[in-house]
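> Take this structure, written in structure tokens, and hold onto it; I'll ask about it next.
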Amino acid sequence: MCSRLPLASLLHFPKSVRPVLIRVTMDRVPAAAEGVRSASSFLHDKAYINGKWVTADSGATIEVVNPSTGAVLGTVPDMGEAEAQSAVDAAYKAFQTWKDTTAKERSALLRKLFNLIEENKQELAKLLTAEMGKPLAEALGEVNYGSSFAEWYAEEARRVYGDVIPTPMKSRRLLALKQPIGVAGMITPWNFPNAMITRKACAALAAGCTTVIKPAEDTPYSALALAELADKAGFPPGVVNIVTSSRTKSAEVGKVLCSSPLVATISFTGSTNTGKILLKQSADTVKRVSLELGGNAPFIVFDSADLDMAITGAMACKFRCSGQTCVCANRIMVQEGIYDQFVDKFAKAIEKELVVGDGFDGSTTQGPLINKAALTKVDEHVQDAVSKGAKVVTGGKFHEKGGNFYQPTLLRDVTTEMRCLKEEIFGPVAPVVKFKTEEEALAVANSVNTGLAGYFYSKDLSQIWRVAEKLEVGIVGVNEGVVSGVEIPFGGVKESGLGREGGKFGIDEYLEIKYVCMGGV
């Protein structure tokens with residue numbers, strides 16, 4: 001079966017990884033579960049610790065479910081404190097030798113990992129669609145994005161430079177060395193189960209750190225597939241470890257990573273509330289903590305904007321991953337002079353371009369929400385807005401397909417008192433607010449306690465500079481709705497997190513600076 005990507009799907013990814021044509025093969029269905037259209041070789045039913053595929057000490061398992069069909073894909077171990085500690089011990093032991101490998105050696109292994117991901121990307125994409133639900137074209141885009149971090153940090157591994165500092169005394173030489181920080185504990189989300197692991201782990205591995213990774217309970221298979229490829233690439237036992245667990249036991253695994261003195265740094269992508277808990281738990285051992293937390297992104301369209309460009313950007317920014325990303329447009333604000341025109345064009349684009357369905361259907365652009373809780377939350381946001389005066393332009397209901405599907409929804413006449421403006425929606429709902437002045441738009445945009453991404457559309461050069469500098473976010477898209485890329489520093493301000501991932505900056509999260517003073521020379 002061959003399918004050509006819809007235009008909307010092409011807009012979901014950075015230009016460097018946007019596919020033009022993909023071939024989707026569905027003739028290999030593994031025996032693991034009915035309805036799974038993925039490669040059985042990557043469906044691991046064991047976790048990966050110290051170079052071995054292992055079960056939970058108790059023998060407990062959790063089911064992994066396709067959110068589109070409800071089919072059980074298989075099971076993985078439900079691990080807890082003991083297994084997490086075993087992984088930490090293995091990573092700490094491996095660090096004693098891994099930290100002494102040369103940058104060239106680490107670079108070569110990361111390059112092998114990149115090549116293996118590229119060779120297996122079709123199967124990895126199908127696995128990702130099966131466990132997370134996003135359309136196959138979008139899943140392939142994520143795998144391409146994920147592999148780019150293996151390639152990038154294969155190169156960055158050889159660019160970790162120290163400094164020679166000018167000395168005030170003739171008998172001294174002053175140096176600044178960069179060294180790996182140690183064991184890195186990583187907790188990753190379900191919405192990008194491939195790329196969020198590679199963005200963190202490849203930077204850490206390049207620096208000379210070892211890793212213990214706790215993937216989201218909804219999407220463990222992509223993590224285990226990457227562990228298999230890391231093993232094939234030649235990473236030594238203990239350098240990469242994957243601990244799977246249920247939602248119930250996730251807290252005890254996280255606590256081990258945060259409280260263990262053998263773990264030097266924590267990297268987490270997820271909700272702000274969970275990030276705060278991990279930050280508190282890491283305080284007793286004074287860990288370095290990197291957090292990429294929730295966003296409530298403003299998407300501002302000024303009267304001077306190119307309206308068609310703004311609609312294209314809003315479609316890509318709002319509905320990528322069915323609205324389930326931390327950088328999705330959450331608060332769409334349109335200046336009063338073009339408000340009605342924008343809403344009309346936006347509604348037509350939604351109805352024309354978005355197709356809800358199973359991720360393996362080549363025509364699908366909108367997959368399911370991840371689970372029933374997410375579905376309920378999205379509908380509650382819509383009902384709250386309507387009860388307070390918002391009008392549904394299109395959508396606004398559970399989808400006729402049932403399950404975890406929700407209609408792509410456009411709301412107008414939205415106010416700042418509604419939940420969809422106060423909270424991160426994480427679903428396919430686009431609330432549109434009217435504003436009068438630039439000052440008003442900035443006041444609303446900056447009124448929340450989060451600050452991950454923000455977007456705005458304008459052709460006024462002076463306004464572009466003003467707004468870009470005044471938005472209280474870590475990432476700004478100017479006349480662009482898709483801003484991610486391997487080369488850029490990704491992270492937020494305020495309660496959207498600490499530190500940066502990606503680009504030349506990402507590796508710094510896993511390095512310590514050691515000052516050396518040499519006397520008597």
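Ordered as shown in the structure tokens, chains take letters A, B, and onward, while each chain numbers its residues from 1 and ligands are numbered from 1 in the order shown.
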Quick check for you: according to DSSP on this backbone, which residues of stretch 262-366 of chain A are classed as strand (DSSP E)? Reply as a list of chain:residue names.

A:Val263, A:Ala264, A:Thr265, A:Ile266, A:Ser267, A:Phe268, A:Thr269, A:Arg288, A:Val289, A:Ser290, A:Leu291, A:Glu292, A:Ala297, A:Pro298, A:Phe299, A:Ile300, A:Val301, A:Ala329, A:Asn330, A:Arg331, A:Ile332, A:Met333, A:Val334, A:Gln335

> Excluding same-chain residues fewer than 4 positions from stretch 382-387 of chain A, what lies within 12 Å of it counting only C-alpha atoms, as a PyMOL selection string?

chain A and resi 375-378+391-398+406-423+425+427-433

> Identify, with DSSP run on backbone atoms, the residues in stretch 198-409 of chain A assigned to helix (DSSP H, G or I), and express the list as JSON, numbers by chain.

{"A": [198, 199, 200, 201, 202, 203, 204, 205, 206, 207, 220, 221, 222, 223, 224, 225, 226, 227, 228, 229, 230, 231, 232, 233, 247, 248, 249, 250, 251, 252, 253, 254, 255, 256, 257, 258, 259, 272, 273, 274, 275, 276, 277, 278, 279, 280, 281, 283, 284, 285, 307, 308, 309, 310, 311, 312, 313, 314, 315, 316, 317, 318, 319, 320, 321, 322, 323, 339, 340, 341, 342, 343, 344, 345, 346, 347, 348, 349, 350, 351, 352, 353, 372, 373, 374, 375, 376, 377, 378, 379, 380, 381, 382, 383, 384, 385, 386, 387]}

> Measuring atom to atom with only C-alpha atoms, identify which of A:Arg111, A:Lys345, A:Arg331, A:Lys52 is nearest to A:Ala233.

A:Arg111

> Within 9 Å of A:Gly519, counting only C-alpha atoms, which residues qualify if same-chain residues fewer than 4 places away don't, as a list in words?

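Answer for this query is Ser171, Arg172, Arg173 and Leu174 of chain A.
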
> For the residues in the current selection, export N, CA, C and O atoms as an mmCIF file, in the first residue's frame.


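The resulting file, result_3.cif, is reproduced below:
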```cif
data_model
loop_
_atom_site.group_PDB
_atom_site.id
_atom_site.type_symbol
_atom_site.label_atom_id
_atom_site.label_comp_id
_atom_site.auth_asym_id
_atom_site.auth_seq_id
_atom_site.Cartn_x
_atom_site.Cartn_y
_atom_site.Cartn_z
ATOM 1 N N SER A 171 53.917 32.391 37.146
ATOM 2 C CA SER A 171 54.240 31.020 37.577
ATOM 3 C C SER A 171 53.034 30.090 37.559
ATOM 4 O O SER A 171 53.132 28.953 37.991
ATOM 5 N N ARG A 172 51.874 30.584 37.087
ATOM 6 C CA ARG A 172 50.669 29.763 37.102
ATOM 7 C C ARG A 172 50.086 29.582 35.697
ATOM 8 O O ARG A 172 50.264 30.419 34.828
ATOM 9 N N ARG A 173 49.414 28.452 35.526
ATOM 10 C CA ARG A 173 48.619 28.220 34.327
ATOM 11 C C ARG A 173 47.209 27.817 34.785
ATOM 12 O O ARG A 173 47.054 26.966 35.665
ATOM 13 N N LEU A 174 46.217 28.435 34.175
ATOM 14 C CA LEU A 174 44.837 28.237 34.589
ATOM 15 C C LEU A 174 44.053 27.554 33.472
ATOM 16 O O LEU A 174 44.072 28.005 32.323
#
```

> Calculated over only C-alpha atoms, which of the candidates A:Ala207, A:Val482, A:Leu229, A:Val467 has the smallest distance to A:Asp508?

A:Ala207

> Counting only C-alpha atoms, figure out which residue out of A:Val356, A:Ile187, A:Ala137, A:Leu293 gets nearest to A:Lys276.

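Looking at the shortest contact to A:Lys276, the residue is A:Leu293.
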
> Listing only residues of stretch 199-310 of chain A within 12 Å of stretch 484-487 of chain A, what is the closest atom pair and its distance in Å (to one decimal) for each, using only C-alpha atoms, sorted by chain and residue number ascending, as a tab-separated table?


```
residue	atom	partner	partner_atom	distance
A:Arg199	CA	A:Val486	CA	8.2
A:Lys200	CA	A:Val486	CA	11.5
A:Cys202	CA	A:Val486	CA	11.6
A:Ala203	CA	A:Val486	CA	11.2
```

> Could you save the residues just selected, with N, CA and C atoms, as a PDB file, in the first residue's frame?


```pdb
ATOM      1  N   ARG A 199      16.805  12.852  22.192  1.00  0.00           N
ATOM      2  CA  ARG A 199      17.256  14.221  22.470  1.00  0.00           C
ATOM      3  C   ARG A 199      17.997  14.295  23.801  1.00  0.00           C
ATOM      4  N   LYS A 200      17.541  13.537  24.773  1.00  0.00           N
ATOM      5  CA  LYS A 200      18.201  13.531  26.072  1.00  0.00           C
ATOM      6  C   LYS A 200      19.414  12.592  26.080  1.00  0.00           C
ATOM      7  N   CYS A 202      21.179  10.908  23.783  1.00  0.00           N
ATOM      8  CA  CYS A 202      22.327  11.051  22.883  1.00  0.00           C
ATOM      9  C   CYS A 202      23.255  12.165  23.347  1.00  0.00           C
ATOM     10  N   ALA A 203      22.691  13.228  23.909  1.00  0.00           N
ATOM     11  CA  ALA A 203      23.530  14.288  24.471  1.00  0.00           C
ATOM     12  C   ALA A 203      24.338  13.769  25.651  1.00  0.00           C
TER      13      ALA A 203
END
```

> Write out as a list in words each polymer residue whose atoms come within 9 Å of A:Gln366, counting only C-alpha atoms; drop sequence neighbours fewer than 3 positions from it.

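In the requested form, the answer reads Lys134, Pro135, Phe319, Arg320, Cys321, Ser322, Gly323, Leu354, Val355, Val356, Gly357, Asp358, Gly359, Phe405, Pro408 and Pro428 of chain A.
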
> Skipping near chain neighbours, those fewer than 5 positions away, what residues fall within 10 Å of A:Ala227 using only C-alpha atoms, listed as number ranges by chain?

A: 42, 47-49, 51, 53, 113, 213, 221-222, 232-233, 235, 240-242

> Hey, can you spit out that residue selection with N, CA, C and O atoms as an mmCIF file, in the first residue's frame?


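Result saved to out_29.cif:
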```
data_model
loop_
_atom_site.group_PDB
_atom_site.id
_atom_site.type_symbol
_atom_site.label_atom_id
_atom_site.label_comp_id
_atom_site.auth_asym_id
_atom_site.auth_seq_id
_atom_site.Cartn_x
_atom_site.Cartn_y
_atom_site.Cartn_z
ATOM 1 N N PHE A 42 10.593 -5.788 17.249
ATOM 2 C CA PHE A 42 10.779 -4.671 18.172
ATOM 3 C C PHE A 42 9.788 -4.686 19.330
ATOM 4 O O PHE A 42 9.792 -3.789 20.151
ATOM 5 N N ALA A 47 12.360 -5.536 30.077
ATOM 6 C CA ALA A 47 13.104 -4.289 30.199
ATOM 7 C C ALA A 47 14.586 -4.563 29.902
ATOM 8 O O ALA A 47 14.990 -5.724 29.711
ATOM 9 N N TYR A 48 15.384 -3.514 29.876
ATOM 10 C CA TYR A 48 16.788 -3.644 29.475
ATOM 11 C C TYR A 48 17.671 -3.008 30.543
ATOM 12 O O TYR A 48 17.695 -1.776 30.710
ATOM 13 N N ILE A 49 18.370 -3.849 31.312
ATOM 14 C CA ILE A 49 19.226 -3.373 32.395
ATOM 15 C C ILE A 49 20.569 -4.083 32.328
ATOM 16 O O ILE A 49 20.629 -5.308 32.236
ATOM 17 N N GLY A 51 22.711 -4.401 30.009
ATOM 18 C CA GLY A 51 22.956 -5.170 28.793
ATOM 19 C C GLY A 51 22.145 -6.444 28.674
ATOM 20 O O GLY A 51 22.385 -7.251 27.776
ATOM 21 N N TRP A 53 18.090 -8.401 28.883
ATOM 22 C CA TRP A 53 16.641 -8.270 28.853
ATOM 23 C C TRP A 53 16.080 -8.981 30.069
ATOM 24 O O TRP A 53 16.289 -10.184 30.247
ATOM 25 N N LEU A 113 24.482 4.127 15.947
ATOM 26 C CA LEU A 113 23.092 4.175 16.392
ATOM 27 C C LEU A 113 22.236 4.930 15.384
ATOM 28 O O LEU A 113 21.128 4.489 15.032
ATOM 29 N N ILE A 213 16.757 5.215 31.948
ATOM 30 C CA ILE A 213 15.604 5.853 31.312
ATOM 31 C C ILE A 213 14.322 5.175 31.761
ATOM 32 O O ILE A 213 14.190 3.954 31.681
ATOM 33 N N TYR A 221 7.369 0.697 24.268
ATOM 34 C CA TYR A 221 7.981 -0.111 23.209
ATOM 35 C C TYR A 221 9.007 0.669 22.392
ATOM 36 O O TYR A 221 10.025 0.114 21.964
ATOM 37 N N SER A 222 8.755 1.947 22.145
ATOM 38 C CA SER A 222 9.720 2.737 21.383
ATOM 39 C C SER A 222 11.043 2.845 22.141
ATOM 40 O O SER A 222 12.125 2.799 21.543
ATOM 41 N N LYS A 232 22.905 -3.181 19.636
ATOM 42 C CA LYS A 232 23.495 -3.587 18.356
ATOM 43 C C LYS A 232 24.613 -2.642 17.927
ATOM 44 O O LYS A 232 25.566 -3.057 17.268
ATOM 45 N N ALA A 233 24.479 -1.361 18.294
ATOM 46 C CA ALA A 233 25.517 -0.390 17.923
ATOM 47 C C ALA A 233 26.819 -0.632 18.673
ATOM 48 O O ALA A 233 27.894 -0.199 18.225
ATOM 49 N N PHE A 235 27.108 -0.189 22.355
ATOM 50 C CA PHE A 235 27.242 0.476 23.647
ATOM 51 C C PHE A 235 27.420 -0.586 24.729
ATOM 52 O O PHE A 235 26.671 -1.570 24.777
ATOM 53 N N VAL A 240 23.341 2.164 28.739
ATOM 54 C CA VAL A 240 21.932 2.483 28.470
ATOM 55 C C VAL A 240 21.071 1.475 29.215
ATOM 56 O O VAL A 240 21.244 0.260 29.048
ATOM 57 N N ASN A 241 20.151 1.965 30.038
ATOM 58 C CA ASN A 241 19.252 1.101 30.805
ATOM 59 C C ASN A 241 17.824 1.623 30.678
ATOM 60 O O ASN A 241 17.597 2.838 30.754
ATOM 61 N N ILE A 242 16.868 0.708 30.486
ATOM 62 C CA ILE A 242 15.465 1.069 30.369
ATOM 63 C C ILE A 242 14.674 0.359 31.458
ATOM 64 O O ILE A 242 14.659 -0.878 31.521
#
```

> So which residues touch A:Phe346 within 9 Å, counting only C-alpha atoms, skipping near sequence neighbours fewer than 6 positions away, as JSON, numbers by chain?

{"A": [311, 312, 314, 315, 410]}

> Check the smallest atom-to-atom distance from each of A:Ser107, A:Gln463, A:Gln122, A:Asn66 to A:Val301 using only C-alpha atoms, then report the winner.

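Nearest candidate to A:Val301 out of A:Ser107, A:Gln463, A:Gln122, A:Asn66: A:Gln463.
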
> I'd like the neighbourhood of A:Lys470 as a VMD selection string, where a residue qualifies if any of its atoms comes within 10 Å (using only C-alpha atoms), though same-chain residues fewer than 4 positions away should be ignored.

chain A and resid 442 to 443 445 to 446 465 to 466

> Taking into account only C-alpha atoms, which residue in the set A:Thr188, A:Thr129, A:Gln85, A:Thr210 is nearest to A:Thr97?

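For A:Thr97, the nearest of the given residues is A:Thr210.
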
> Interatomic distance between atom CA of A:Ala468 and atom CA of A:Ile338?

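A separation of 21.1 Å between them.
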
> Compare A:Leu369, A:Val243, A:Cys317, A:Leu257 by their minimum atom-to-atom distance to A:Glu217, counting only C-alpha atoms, and give me the closest one.

A:Val243
